[in-house]
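Just query.cif here, mmCIF, C-alpha atoms and all ligand atoms:
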```cif
data_coords
loop_
_atom_site.label_atom_id
_atom_site.label_comp_id
_atom_site.auth_asym_id
_atom_site.auth_seq_id
_atom_site.Cartn_x
_atom_site.Cartn_y
_atom_site.Cartn_z
CA MET A 59 0.47 9.93 11.01
CA GLU A 60 -2.11 11.94 12.92
CA GLY A 61 0.22 12.99 15.75
CA LEU A 62 -0.88 13.44 19.30
CA ASP A 63 -4.01 11.67 20.57
CA GLY A 64 -5.30 12.16 24.12
CA PHE A 65 -6.69 8.63 24.44
CA SER A 66 -3.35 7.10 23.44
CA LEU A 67 -1.21 8.74 26.15
CA THR A 68 -0.20 6.71 29.20
CA LEU A 69 -0.52 8.23 32.66
CA ALA A 70 3.22 9.06 32.68
CA GLN A 71 2.95 10.64 29.22
CA TRP A 72 0.00 12.77 30.34
CA GLN A 73 1.98 14.00 33.32
CA GLU A 74 4.90 14.86 31.03
CA GLN A 75 2.54 16.56 28.60
CA LEU A 76 1.09 18.79 31.31
CA LYS A 77 4.54 19.68 32.60
CA ALA A 78 5.59 20.60 29.07
CA MET A 79 2.53 22.84 28.87
CA GLY A 80 3.65 24.61 32.05
CA GLU A 81 0.87 23.04 34.13
CA LYS A 82 0.91 21.00 37.32
CA ALA A 83 1.59 17.29 36.76
CA PHE A 84 -1.41 16.26 38.94
CA ARG A 85 -3.65 17.57 36.18
CA GLY A 86 -2.27 14.74 34.05
CA ARG A 87 -3.72 12.18 36.42
CA GLN A 88 -7.07 13.99 36.51
CA ILE A 89 -7.31 13.94 32.73
CA PHE A 90 -6.22 10.31 32.52
CA GLU A 91 -8.93 9.37 35.05
CA TRP A 92 -11.57 11.29 33.10
CA LEU A 93 -10.68 9.52 29.87
CA HIS A 94 -10.08 5.98 31.09
CA ARG A 95 -12.18 5.66 34.23
CA GLU A 96 -15.04 8.12 33.72
CA LYS A 97 -15.22 7.46 29.97
CA ALA A 98 -15.28 11.16 29.06
CA VAL A 99 -15.32 11.92 25.33
CA SER A 100 -14.60 15.65 25.54
CA TYR A 101 -12.54 18.04 27.65
CA ASP A 102 -15.77 19.95 28.34
CA GLN A 103 -16.83 17.14 30.67
CA MET A 104 -13.72 17.59 32.85
CA THR A 105 -15.34 20.03 35.23
CA ASN A 106 -12.50 20.00 37.77
CA LEU A 107 -10.12 21.52 35.19
CA PRO A 108 -9.90 25.28 34.66
CA LEU A 109 -11.83 26.40 31.57
CA LYS A 110 -8.67 27.91 30.02
CA LEU A 111 -6.85 24.60 30.29
CA ARG A 112 -9.77 22.70 28.78
CA GLU A 113 -9.80 25.08 25.81
CA ARG A 114 -6.07 24.75 25.36
CA LEU A 115 -6.21 20.96 25.51
CA SER A 116 -8.93 20.85 22.84
CA ARG A 117 -6.57 22.74 20.55
CA GLU A 118 -3.32 20.99 21.40
CA VAL A 119 -4.17 17.38 22.33
CA PRO A 120 -7.00 16.19 20.09
CA LEU A 121 -9.28 13.33 21.16
CA HIS A 122 -9.76 11.02 18.17
CA LEU A 123 -13.15 9.48 18.86
CA VAL A 124 -14.53 6.04 18.02
CA ARG A 125 -18.32 6.02 17.69
CA GLN A 126 -20.85 3.26 17.12
CA GLU A 127 -22.31 3.40 13.62
CA LEU A 128 -24.64 0.42 13.79
CA VAL A 129 -25.18 -2.70 15.84
CA GLN A 130 -26.33 -6.17 14.82
CA ARG A 131 -27.85 -8.35 17.53
CA SER A 132 -27.85 -12.11 17.22
CA ALA A 133 -31.29 -13.71 17.50
CA LYS A 134 -29.69 -16.96 18.69
CA ASP A 135 -27.37 -15.83 21.47
CA GLU A 136 -26.57 -12.53 23.08
CA THR A 137 -23.72 -11.64 20.74
CA GLN A 138 -23.70 -8.07 19.48
CA LYS A 139 -21.58 -6.86 16.63
CA PHE A 140 -20.73 -3.18 16.34
CA LEU A 141 -19.62 -1.27 13.30
CA MET A 142 -17.52 1.63 14.58
CA THR A 143 -16.61 4.80 12.74
CA LEU A 144 -13.27 6.48 13.35
CA TRP A 145 -12.43 10.19 13.22
CA ASP A 146 -11.22 9.86 9.60
CA HIS A 147 -14.41 7.96 8.59
CA GLU A 148 -12.65 4.61 8.41
CA GLN A 149 -14.59 1.73 9.91
CA ILE A 150 -13.80 -1.25 12.12
CA GLU A 151 -15.69 -4.02 13.88
CA THR A 152 -16.04 -4.89 17.55
CA VAL A 153 -17.91 -7.95 18.84
CA LEU A 154 -19.45 -8.34 22.32
CA MET A 155 -20.01 -11.87 23.61
CA LYS A 156 -21.63 -12.97 26.85
CA TYR A 157 -20.09 -15.88 28.73
CA HIS A 158 -20.81 -17.36 32.14
CA TYR A 159 -17.78 -15.43 33.49
CA GLY A 160 -18.82 -12.06 32.07
CA TYR A 161 -18.69 -9.98 28.93
CA SER A 162 -15.85 -10.51 26.52
CA LEU A 163 -15.10 -7.99 23.80
CA CYS A 164 -13.29 -8.79 20.56
CA ILE A 165 -11.55 -5.63 19.35
CA SER A 166 -9.79 -4.65 16.13
CA SER A 167 -6.14 -3.58 15.96
CA GLN A 168 -5.98 -2.24 12.38
CA VAL A 169 -8.29 -0.90 9.68
CA GLY A 170 -8.20 -3.91 7.34
CA CYS A 171 -5.23 -6.26 7.39
CA ARG A 172 -2.28 -7.06 5.16
CA MET A 173 -1.78 -10.70 6.15
CA GLY A 174 -3.98 -12.04 3.34
CA CYS A 175 -5.44 -15.18 4.99
CA LYS A 176 -7.69 -16.89 2.47
CA PHE A 177 -10.69 -17.44 4.77
CA CYS A 178 -10.76 -13.97 6.30
CA ALA A 179 -12.90 -11.06 5.13
CA SER A 180 -10.81 -8.40 6.95
CA THR A 181 -7.98 -8.72 4.54
CA LEU A 182 -9.89 -8.62 1.24
CA SER A 183 -9.07 -4.99 0.52
CA GLY A 184 -5.73 -4.89 2.35
CA LYS A 185 -4.63 -2.74 5.26
CA LYS A 186 -5.76 0.89 5.35
CA ARG A 187 -3.94 1.94 8.51
CA ASP A 188 -2.93 0.97 12.03
CA LEU A 189 -5.16 1.86 14.94
CA MET A 190 -3.80 4.11 17.65
CA SER A 191 -3.86 2.57 21.13
CA GLY A 192 -6.58 5.07 22.05
CA GLU A 193 -8.76 3.70 19.26
CA MET A 194 -8.28 0.19 20.60
CA LEU A 195 -9.28 1.35 24.09
CA GLN A 196 -12.27 3.32 22.96
CA GLN A 197 -13.85 0.28 21.32
CA ILE A 198 -14.21 -1.00 24.88
CA TYR A 199 -15.44 2.28 26.35
CA GLU A 200 -17.93 2.91 23.55
CA VAL A 201 -19.44 -0.58 23.89
CA GLU A 202 -19.63 -0.20 27.68
CA ARG A 203 -21.47 3.10 27.16
CA VAL A 204 -23.92 2.08 24.45
CA ALA A 205 -24.60 -1.50 25.58
CA GLY A 206 -24.58 -0.63 29.29
CA VAL A 207 -22.28 -3.51 30.24
CA LYS A 208 -18.95 -3.92 31.99
CA VAL A 209 -16.39 -5.64 29.80
CA SER A 210 -14.31 -8.08 31.87
CA HIS A 211 -12.32 -9.82 29.13
CA VAL A 212 -10.75 -8.49 25.93
CA VAL A 213 -9.57 -10.50 22.94
CA ILE A 214 -7.55 -8.73 20.27
CA MET A 215 -8.92 -10.88 17.49
CA GLY A 216 -10.96 -8.46 15.39
CA CYS A 217 -9.75 -6.89 12.13
CA GLY A 218 -5.98 -6.64 11.85
CA GLU A 219 -2.79 -8.29 13.03
CA PRO A 220 -1.87 -6.95 16.48
CA PHE A 221 1.82 -7.85 16.14
CA ASP A 222 1.90 -5.79 12.94
CA ASN A 223 0.95 -2.81 15.14
CA TYR A 224 3.23 -3.70 18.01
CA ASP A 225 3.96 -0.33 19.65
CA ALA A 226 0.29 0.59 19.82
CA LEU A 227 -0.45 -2.85 21.26
CA LEU A 228 2.05 -2.38 24.09
CA GLN A 229 0.75 1.13 24.78
CA PHE A 230 -2.80 -0.30 24.87
CA LEU A 231 -1.77 -2.93 27.42
CA GLU A 232 -0.05 -0.37 29.63
CA ILE A 233 -3.08 1.93 29.67
CA ILE A 234 -5.76 -0.73 30.12
CA HIS A 235 -4.27 -2.19 33.27
CA ASP A 236 -3.40 1.15 34.87
CA PRO A 237 -5.21 1.36 38.26
CA ALA A 238 -6.09 5.00 37.44
CA GLY A 239 -7.94 3.78 34.33
CA LYS A 240 -9.98 0.68 33.53
CA ASN A 241 -7.64 -1.38 35.71
CA LEU A 242 -8.18 -4.61 33.79
CA SER A 243 -5.92 -7.53 34.67
CA LEU A 244 -3.67 -8.49 31.77
CA ARG A 245 -4.63 -12.10 32.51
CA ASN A 246 -8.07 -11.25 31.14
CA ILE A 247 -6.61 -10.29 27.77
CA THR A 248 -5.86 -12.49 24.77
CA VAL A 249 -3.73 -11.40 21.82
CA SER A 250 -4.13 -13.39 18.62
CA THR A 251 -1.43 -13.56 15.95
CA CYS A 252 -1.02 -15.30 12.62
CA GLY A 253 2.53 -16.08 13.76
CA LEU A 254 4.99 -13.17 13.45
CA VAL A 255 7.75 -15.03 15.26
CA GLU A 256 10.13 -12.18 16.06
CA ARG A 257 7.36 -10.27 17.78
CA MET A 258 6.24 -13.42 19.58
CA ARG A 259 9.70 -13.73 21.10
CA GLN A 260 9.90 -10.06 22.06
CA PHE A 261 6.46 -10.33 23.59
CA ALA A 262 7.48 -13.48 25.50
CA ASP A 263 10.42 -11.56 27.00
CA LEU A 264 8.01 -8.99 28.42
CA ASP A 265 6.09 -11.73 30.27
CA THR A 266 2.95 -9.59 30.49
CA GLY A 267 0.57 -12.36 31.64
CA VAL A 268 -1.50 -11.95 28.49
CA THR A 269 -2.80 -15.14 26.82
CA LEU A 270 -1.31 -15.69 23.39
CA ALA A 271 -3.47 -17.22 20.66
CA VAL A 272 -1.77 -18.43 17.49
CA SER A 273 -3.73 -18.91 14.29
CA LEU A 274 -2.44 -22.21 12.97
CA HIS A 275 -5.19 -23.57 10.71
CA ALA A 276 -3.03 -26.26 9.12
CA PRO A 277 -1.06 -29.35 10.13
CA ASN A 278 1.87 -28.67 7.77
CA ASP A 279 3.56 -26.01 5.63
CA VAL A 280 2.03 -27.15 2.34
CA ILE A 281 -1.56 -26.64 3.51
CA ARG A 282 -0.70 -23.60 5.59
CA LYS A 283 0.74 -21.87 2.52
CA THR A 284 -2.54 -22.36 0.65
CA LEU A 285 -4.46 -20.63 3.48
CA MET A 286 -2.04 -18.13 5.00
CA PRO A 287 0.57 -16.19 2.98
CA VAL A 288 2.56 -15.67 6.20
CA ALA A 289 3.52 -19.35 5.92
CA TYR A 290 5.87 -18.39 3.08
CA GLN A 291 7.85 -16.31 5.57
CA VAL A 292 7.62 -18.54 8.62
CA THR A 293 7.75 -22.33 8.58
CA MET A 294 5.76 -24.48 11.01
CA GLU A 295 9.02 -25.50 12.64
CA GLU A 296 9.99 -21.86 13.25
CA LEU A 297 6.51 -21.12 14.49
CA MET A 298 6.56 -24.06 16.92
CA GLU A 299 9.97 -22.97 18.19
CA ALA A 300 8.65 -19.47 18.87
CA CYS A 301 5.63 -20.99 20.65
CA ARG A 302 7.85 -23.12 22.83
CA TYR A 303 9.93 -20.03 23.60
CA TYR A 304 6.73 -18.27 24.69
CA THR A 305 5.59 -21.08 27.00
CA ASP A 306 9.10 -21.55 28.44
CA LYS A 307 9.40 -17.85 29.24
CA THR A 308 5.89 -17.21 30.50
CA HIS A 309 4.59 -20.62 31.65
CA ARG A 310 1.33 -19.62 29.98
CA ARG A 311 -0.70 -22.01 27.87
CA ILE A 312 -0.90 -21.05 24.19
CA THR A 313 -4.23 -21.27 22.39
CA PHE A 314 -4.03 -22.59 18.84
CA GLU A 315 -6.83 -21.47 16.53
CA TYR A 316 -7.70 -24.03 13.88
CA ALA A 317 -10.51 -23.21 11.45
CA LEU A 318 -11.87 -26.40 9.91
CA ALA A 319 -12.60 -26.14 6.18
CA GLN A 320 -14.28 -29.10 4.54
CA GLY A 321 -11.83 -31.20 2.53
CA VAL A 322 -8.93 -28.77 3.08
CA ASN A 323 -7.43 -29.31 6.54
CA ASP A 324 -9.97 -31.49 8.36
CA SER A 325 -9.14 -35.17 7.68
CA VAL A 326 -8.11 -37.74 10.28
CA GLU A 327 -4.59 -37.74 8.81
CA HIS A 328 -4.41 -33.98 9.26
CA ALA A 329 -5.46 -34.36 12.89
CA VAL A 330 -2.76 -36.98 13.46
CA GLU A 331 -0.13 -34.70 11.89
CA LEU A 332 -1.31 -31.73 13.97
CA ALA A 333 -1.14 -33.80 17.17
CA LYS A 334 2.42 -34.81 16.30
CA ASN A 335 3.43 -31.17 15.89
CA LEU A 336 1.88 -30.13 19.18
CA ARG A 337 3.00 -33.05 21.32
CA GLY A 338 4.43 -31.94 24.66
CA MET A 339 3.43 -28.31 24.12
CA LEU A 340 1.65 -26.35 26.86
CA CYS A 341 -1.38 -25.56 24.71
CA HIS A 342 -5.06 -25.80 23.95
CA VAL A 343 -6.56 -26.17 20.48
CA ASN A 344 -9.69 -24.25 19.51
CA LEU A 345 -11.42 -25.89 16.59
CA ILE A 346 -13.72 -23.54 14.69
CA PRO A 347 -15.74 -24.69 11.69
CA VAL A 348 -14.74 -21.98 9.21
CA ASN A 349 -17.24 -19.15 8.89
CA PRO A 350 -17.95 -19.00 5.17
CA VAL A 351 -17.14 -15.66 3.54
CA ALA A 352 -18.98 -14.84 0.32
CA GLU A 353 -15.81 -13.91 -1.58
CA ARG A 354 -14.02 -17.16 -0.63
CA SER A 355 -14.79 -20.70 -1.71
CA LEU A 356 -14.16 -22.45 1.63
CA SER A 357 -17.01 -24.14 3.45
CA ALA A 358 -17.30 -25.30 7.06
CA SER A 359 -16.51 -28.91 7.89
CA ASP A 360 -19.62 -30.93 8.66
CA ASN A 361 -20.31 -32.16 12.19
CA ASP A 362 -19.00 -35.68 11.63
CA ARG A 363 -15.65 -34.46 10.38
CA VAL A 364 -15.37 -31.99 13.26
CA LYS A 365 -16.12 -34.77 15.77
CA ARG A 366 -13.62 -37.15 14.20
CA PHE A 367 -10.92 -34.47 14.17
CA LEU A 368 -11.55 -33.68 17.83
CA ALA A 369 -11.53 -37.38 18.75
CA VAL A 370 -8.04 -37.82 17.28
CA LEU A 371 -6.67 -34.87 19.25
CA GLU A 372 -8.26 -36.22 22.44
CA ARG A 373 -6.84 -39.67 21.82
CA GLU A 374 -3.40 -38.07 21.41
CA HIS A 375 -3.86 -36.12 24.66
CA ILE A 376 -3.89 -32.70 22.99
CA PRO A 377 -6.37 -30.52 24.92
CA ALA A 378 -8.96 -29.31 22.43
CA THR A 379 -12.48 -27.96 22.21
CA VAL A 380 -14.85 -26.99 19.44
CA ARG A 381 -15.54 -23.31 19.87
CA ARG A 382 -19.11 -22.26 20.36
CA GLU A 383 -20.17 -20.57 17.19
CA MET A 384 -21.44 -17.28 18.45
CA GLY A 385 -23.34 -14.83 16.37
CA ARG A 386 -23.03 -16.79 13.16
CA ASP A 387 -26.35 -15.30 12.06
CA ILE A 388 -24.84 -11.80 12.22
CA ASP A 389 -21.70 -12.02 10.09
CA ALA A 390 -19.55 -12.57 13.16
CA ALA A 391 -16.49 -13.72 11.18
CA CYS A 392 -13.77 -11.10 11.06
CA GLY A 393 -14.44 -8.28 8.70
CA GLN A 394 -17.73 -9.46 7.27
CA LEU A 395 -19.87 -6.65 8.62
CA ARG A 396 -17.41 -3.92 7.65
CA ARG A 397 -17.07 -5.51 4.24
CA ARG A 398 -20.82 -5.68 3.71
CA TYR A 399 -21.21 -2.11 4.83
CA GLU A 400 -18.38 -0.98 2.56
CA LYS A 401 -20.06 -2.67 -0.39
CA GLY A 402 -23.44 -1.38 0.73
CA ALA A 403 -22.15 2.15 0.94
CA GLU A 404 -20.67 1.91 -2.54
CA ASN A 405 -23.74 0.33 -4.14
CA ASN A 406 -26.19 2.16 -1.96
CA HIS A 407 -28.54 -0.80 -1.62
CA GLU A 408 -27.03 -3.12 0.98
CA GLY A 409 -26.10 -2.75 4.62
CA SER A 410 -28.68 -0.43 6.10
CA SER A 411 -31.23 -3.20 6.71
CA GLU A 412 -28.87 -4.81 9.23
CA VAL A 413 -29.65 -2.53 12.12
N1 LIG A 501 -4.45 -11.41 12.77
C1 LIG A 501 -4.72 -12.11 13.98
C2 LIG A 501 -6.01 -11.69 14.67
C3 LIG A 501 -7.21 -11.44 13.80
S1 LIG A 501 -7.97 -12.87 13.09
C4 LIG A 501 -4.67 -13.60 13.76
O1 LIG A 501 -4.45 -14.02 12.65
O2 LIG A 501 -4.81 -14.35 14.72
C5 LIG A 501 -8.74 -13.64 14.47
C6 LIG A 501 -9.01 -15.13 14.30
O3 LIG A 501 -10.15 -15.33 13.45
C7 LIG A 501 -7.87 -15.87 13.65
O4 LIG A 501 -7.66 -17.12 14.26
C8 LIG A 501 -8.38 -16.01 12.24
O5 LIG A 501 -7.67 -16.99 11.58
C9 LIG A 501 -9.84 -16.30 12.49
N2 LIG A 501 -10.73 -16.15 11.33
C10 LIG A 501 -10.74 -15.16 10.42
N3 LIG A 501 -11.70 -15.37 9.51
C11 LIG A 501 -12.30 -16.53 9.84
C12 LIG A 501 -13.37 -17.28 9.27
N4 LIG A 501 -13.98 -16.88 8.16
N5 LIG A 501 -13.74 -18.42 9.91
C13 LIG A 501 -13.10 -18.83 11.03
N6 LIG A 501 -12.09 -18.16 11.61
C14 LIG A 501 -11.69 -17.03 11.02
#
```
This entry written out as structure tokens:
Amino acid sequence: MEGLDGFSLTLAQWQEQLKAMGEKAFRGRQIFEWLHREKAVSYDQMTNLPLKLRERLSREVPLHLVRQELVQRSAKDETQKFLMTLWDHEQIETVLMKYHYGYSLCISSQVGCRMGCKFCASTLSGKKRDLMSGEMLQQIYEVERVAGVKVSHVVIMGCGEPFDNYDALLQFLEIIHDPAGKNLSLRNITVSTCGLVERMRQFADLDTGVTLAVSLHAPNDVIRKTLMPVAYQVTMEELMEACRYYTDKTHRRITFEYALAQGVNDSVEHAVELAKNLRGMLCHVNLIPVNPVAERSLSASDNDRVKRFLAVLEREHIPATVRREMGRDIDAACGQLRRRYEKGAENNHEGSSEV
């Protein structure tokens, strides 16, 4: 694709790069620190590098920037949703949420998505391209710059399927916890997948300390197939096996995401079936009343159904909570803002009033 990108190189790769350019390797560390600790966006800012080298780097190792296009602020909580523009004018979403333990940022891993989940707006026009690891990192840096906060937790749960962009994901993880960069503990990171089991196993073998979230959304294959095309490739049984492999290898609790859609997957019988599938698993279930998307017919389960569903899981000793609905007033469901903006840009009458 676009070749070399300065933000996507690990410290070791920067040192190699400088050596290959006939420069001293310690320059590699200086540049890495500028990009990932000082949040520089241009070689011009790297004042401890010789001017000649800065000029050469601008030509030979481009910095593909991610810049904030607009921000929506929730009136109800402190959630902020950012529409980001990439160097090739593609757009992605990043969501900042404030918790008692700090600021958590939900970042995107692809432009669009090809997984096709029926309730998700990110996937409506398919996948445009993968993000480079540098573009994943810069969502964090750009938000820290423009919102003036320090991000302490990252969830890879925005647009895209991270395990469908596996190499960039691993590169992202290596860079983000490098002490010469942001130095974020991998325990503060959550990766969410719709259930690509081969990748889940490979990822388990790496034992990174990252929390794995699995988007389940159904108690059985029949319902899962109606919501998530991936269920045609991977059965619940295979998915549960891969989950058990992950917990056995890493001893880390898996989070199951379960979006409750009225009359689809939210009955007491469904809860009983779900509990049966999860029995004995080191896990936690996040129940989320589905965020309605204009293009889809699903609606959120009402409070009584949510409570009844939760009560069954509790009775069956499956740890579960109903997720706080943050930023619902600002299109916080995946892909809704980008989608609205896309439509707005095409029709030239929507989107700009969001700011
Ligand atoms: N592809 C990954 C990560 C991106 S989706 C995955 O599938 O996990 C992040 C989470 O948001 C998933 O659990 C997804 O199912 C959920 N999600 C997407 N659209 C939603 C909606 N409209 N309402 C509730 N949850 C939604």
Test item: residues lying within 7 Å of ligand LIG 501 (chain A) with all atoms listed in the file, as a PyMOL selection string
chain A and resi 177-179+214-220+250-252+271-273+315-317+346-351+391-392
The distance between atom CA of A:Thr308 and atom CA of A:Met190 is 26.7 Å
What separates atom CA of A:Lys176 and atom CA of A:Leu285 is a distance of 5.0 Å
Atomic separation - atom CA of A:Val268 relative to atom CA of A:Tyr161, Å: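 Going from atom CA of A:Tyr161 over to atom CA of A:Val268 covers 17.3 Å.
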* Asked: Which is closest to A:Phe230 among A:Leu264, A:Leu189, A:Leu163, A:Val204, if we use all atoms listed in the file?
  ->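 Answer, going by the shortest atom-to-atom distance: A:Leu189.
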Any idea what's packed within 6 Å of stretch 69-74 of chain A, counting all atoms listed in the file, ignoring anything in its chain fewer than 3 positions away? Could you give it as a PyMOL selection string? chain A and resi 77+83+86
- request: Skip stretch 233-235 of chain A itself and residues of its chain fewer than 3 positions away, then list as a ChimeraX atom specification all residues within 8 Å of it, counting only C-alpha atoms.
  value: /A:67-69,195,229-230,239-244
- Any idea what's packed within 12 Å of A:Asp362, counting only C-alpha atoms, ignoring anything in its chain fewer than 4 positions away? Could you give it as a PyMOL selection string? chain A and resi 318+320+324-326+347+358+366-369
- Which residue, A:Asn344, A:Thr266, A:Gln197, A:Gln260, has the smallest gap to A:Tyr303 when you use only C-alpha atoms?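 Using only C-alpha atoms, A:Tyr303 sits closest to A:Gln260.
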From the set A:Glu200, A:Glu353, A:Asp188, A:Glu193, which residue has the shortest atom-to-atom contact distance to A:Asn223, counting only C-alpha atoms?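 Of the candidates, the smallest distance to A:Asn223 is held by A:Asp188.
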Inset, instruction - Determine, counting only C-alpha atoms, which protein, DNA and RNA residues have an atom within 8 Å of an atom of A:Gly160; residues of the same chain fewer than 2 positions away are not included. Present the result as a PyMOL selection string. - result: chain A and resi 156-158+162+209-211
Of the residues A:Thr313, A:Arg203, A:Ala276, A:Phe261, which is the one nearest to A:Lys97, using all atoms listed in the file?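 For A:Lys97, the nearest of the candidates is A:Arg203.
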For A:Thr305, work out the shell of residues within 9 Å, counting only C-alpha atoms and skipping chain neighbours fewer than 6 positions away, then give it as a PyMOL selection string.
chain A and resi 262+311-312+339-341
*asked:* At a cut-off of 7 Å around the point (-11.3, 6.3, 20.0) (file coordinates), what residues fall inside when counting only C-alpha atoms? I'd like the answer as a PyMOL selection string.
replied: chain A and resi 65+122-124+144+192-197
Go ahead and save the residues from that selection, with C-alpha atoms, as a short mmCIF file (atom, residue, chain, number, x, y, z; two decimals), keeping the file's coordinate frame.
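Output saved as again-v7.cif:
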```cif
data_model
loop_
_atom_site.label_atom_id
_atom_site.label_comp_id
_atom_site.auth_asym_id
_atom_site.auth_seq_id
_atom_site.Cartn_x
_atom_site.Cartn_y
_atom_site.Cartn_z
CA PHE A 65 -6.69 8.63 24.44
CA HIS A 122 -9.76 11.02 18.17
CA LEU A 123 -13.15 9.48 18.86
CA VAL A 124 -14.53 6.04 18.02
CA LEU A 144 -13.27 6.48 13.35
CA GLY A 192 -6.58 5.07 22.05
CA GLU A 193 -8.76 3.70 19.26
CA MET A 194 -8.28 0.19 20.60
CA LEU A 195 -9.28 1.35 24.09
CA GLN A 196 -12.27 3.32 22.96
CA GLN A 197 -13.85 0.28 21.32
#
```
Can you fill out stretch 67-82 of chain A with N, CA, C and O atoms and hand it back as a short mmCIF file (atom, residue, chain, number, x, y, z; two decimals), in the coordinates of the input?
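Final output, saved to result_6.cif:
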```
data_model
loop_
_atom_site.label_atom_id
_atom_site.label_comp_id
_atom_site.auth_asym_id
_atom_site.auth_seq_id
_atom_site.Cartn_x
_atom_site.Cartn_y
_atom_site.Cartn_z
N LEU A 67 -2.30 8.43 25.22
CA LEU A 67 -1.21 8.74 26.15
C LEU A 67 -1.34 7.94 27.44
O LEU A 67 -2.43 7.83 28.01
N THR A 68 -0.21 7.38 27.90
CA THR A 68 -0.20 6.71 29.20
C THR A 68 -0.27 7.76 30.30
O THR A 68 -0.10 8.96 30.03
N LEU A 69 -0.48 7.29 31.53
CA LEU A 69 -0.52 8.23 32.66
C LEU A 69 0.78 9.04 32.73
O LEU A 69 0.76 10.27 32.86
N ALA A 70 1.92 8.36 32.61
CA ALA A 70 3.22 9.06 32.68
C ALA A 70 3.33 10.09 31.55
O ALA A 70 3.83 11.20 31.76
N GLN A 71 2.87 9.72 30.36
CA GLN A 71 2.95 10.64 29.22
C GLN A 71 2.03 11.85 29.42
O GLN A 71 2.37 12.96 29.04
N TRP A 72 0.88 11.63 30.04
CA TRP A 72 0.00 12.77 30.34
C TRP A 72 0.66 13.73 31.33
O TRP A 72 0.59 14.95 31.19
N GLN A 73 1.32 13.14 32.33
CA GLN A 73 1.98 14.00 33.32
C GLN A 73 3.10 14.82 32.67
O GLN A 73 3.23 16.01 32.94
N GLU A 74 3.85 14.16 31.80
CA GLU A 74 4.90 14.86 31.03
C GLU A 74 4.29 15.97 30.16
O GLU A 74 4.82 17.09 30.10
N GLN A 75 3.21 15.62 29.50
CA GLN A 75 2.54 16.56 28.60
C GLN A 75 2.12 17.83 29.35
O GLN A 75 2.34 18.95 28.88
N LEU A 76 1.55 17.63 30.53
CA LEU A 76 1.09 18.79 31.31
C LEU A 76 2.27 19.64 31.78
O LEU A 76 2.20 20.87 31.75
N LYS A 77 3.33 18.95 32.20
CA LYS A 77 4.54 19.68 32.60
C LYS A 77 5.06 20.53 31.45
O LYS A 77 5.37 21.70 31.60
N ALA A 78 5.11 19.90 30.26
CA ALA A 78 5.59 20.60 29.07
C ALA A 78 4.70 21.80 28.72
O ALA A 78 5.15 22.76 28.10
N MET A 79 3.44 21.72 29.13
CA MET A 79 2.53 22.84 28.87
C MET A 79 2.60 23.89 29.98
O MET A 79 1.83 24.85 29.98
N GLY A 80 3.50 23.66 30.94
CA GLY A 80 3.65 24.61 32.05
C GLY A 80 2.56 24.47 33.10
O GLY A 80 2.30 25.39 33.88
N GLU A 81 1.94 23.29 33.14
CA GLU A 81 0.87 23.04 34.13
C GLU A 81 1.38 22.09 35.21
O GLU A 81 2.42 21.47 35.08
N LYS A 82 0.56 21.95 36.26
CA LYS A 82 0.91 21.00 37.32
C LYS A 82 0.71 19.57 36.84
O LYS A 82 -0.29 19.27 36.16
#
```
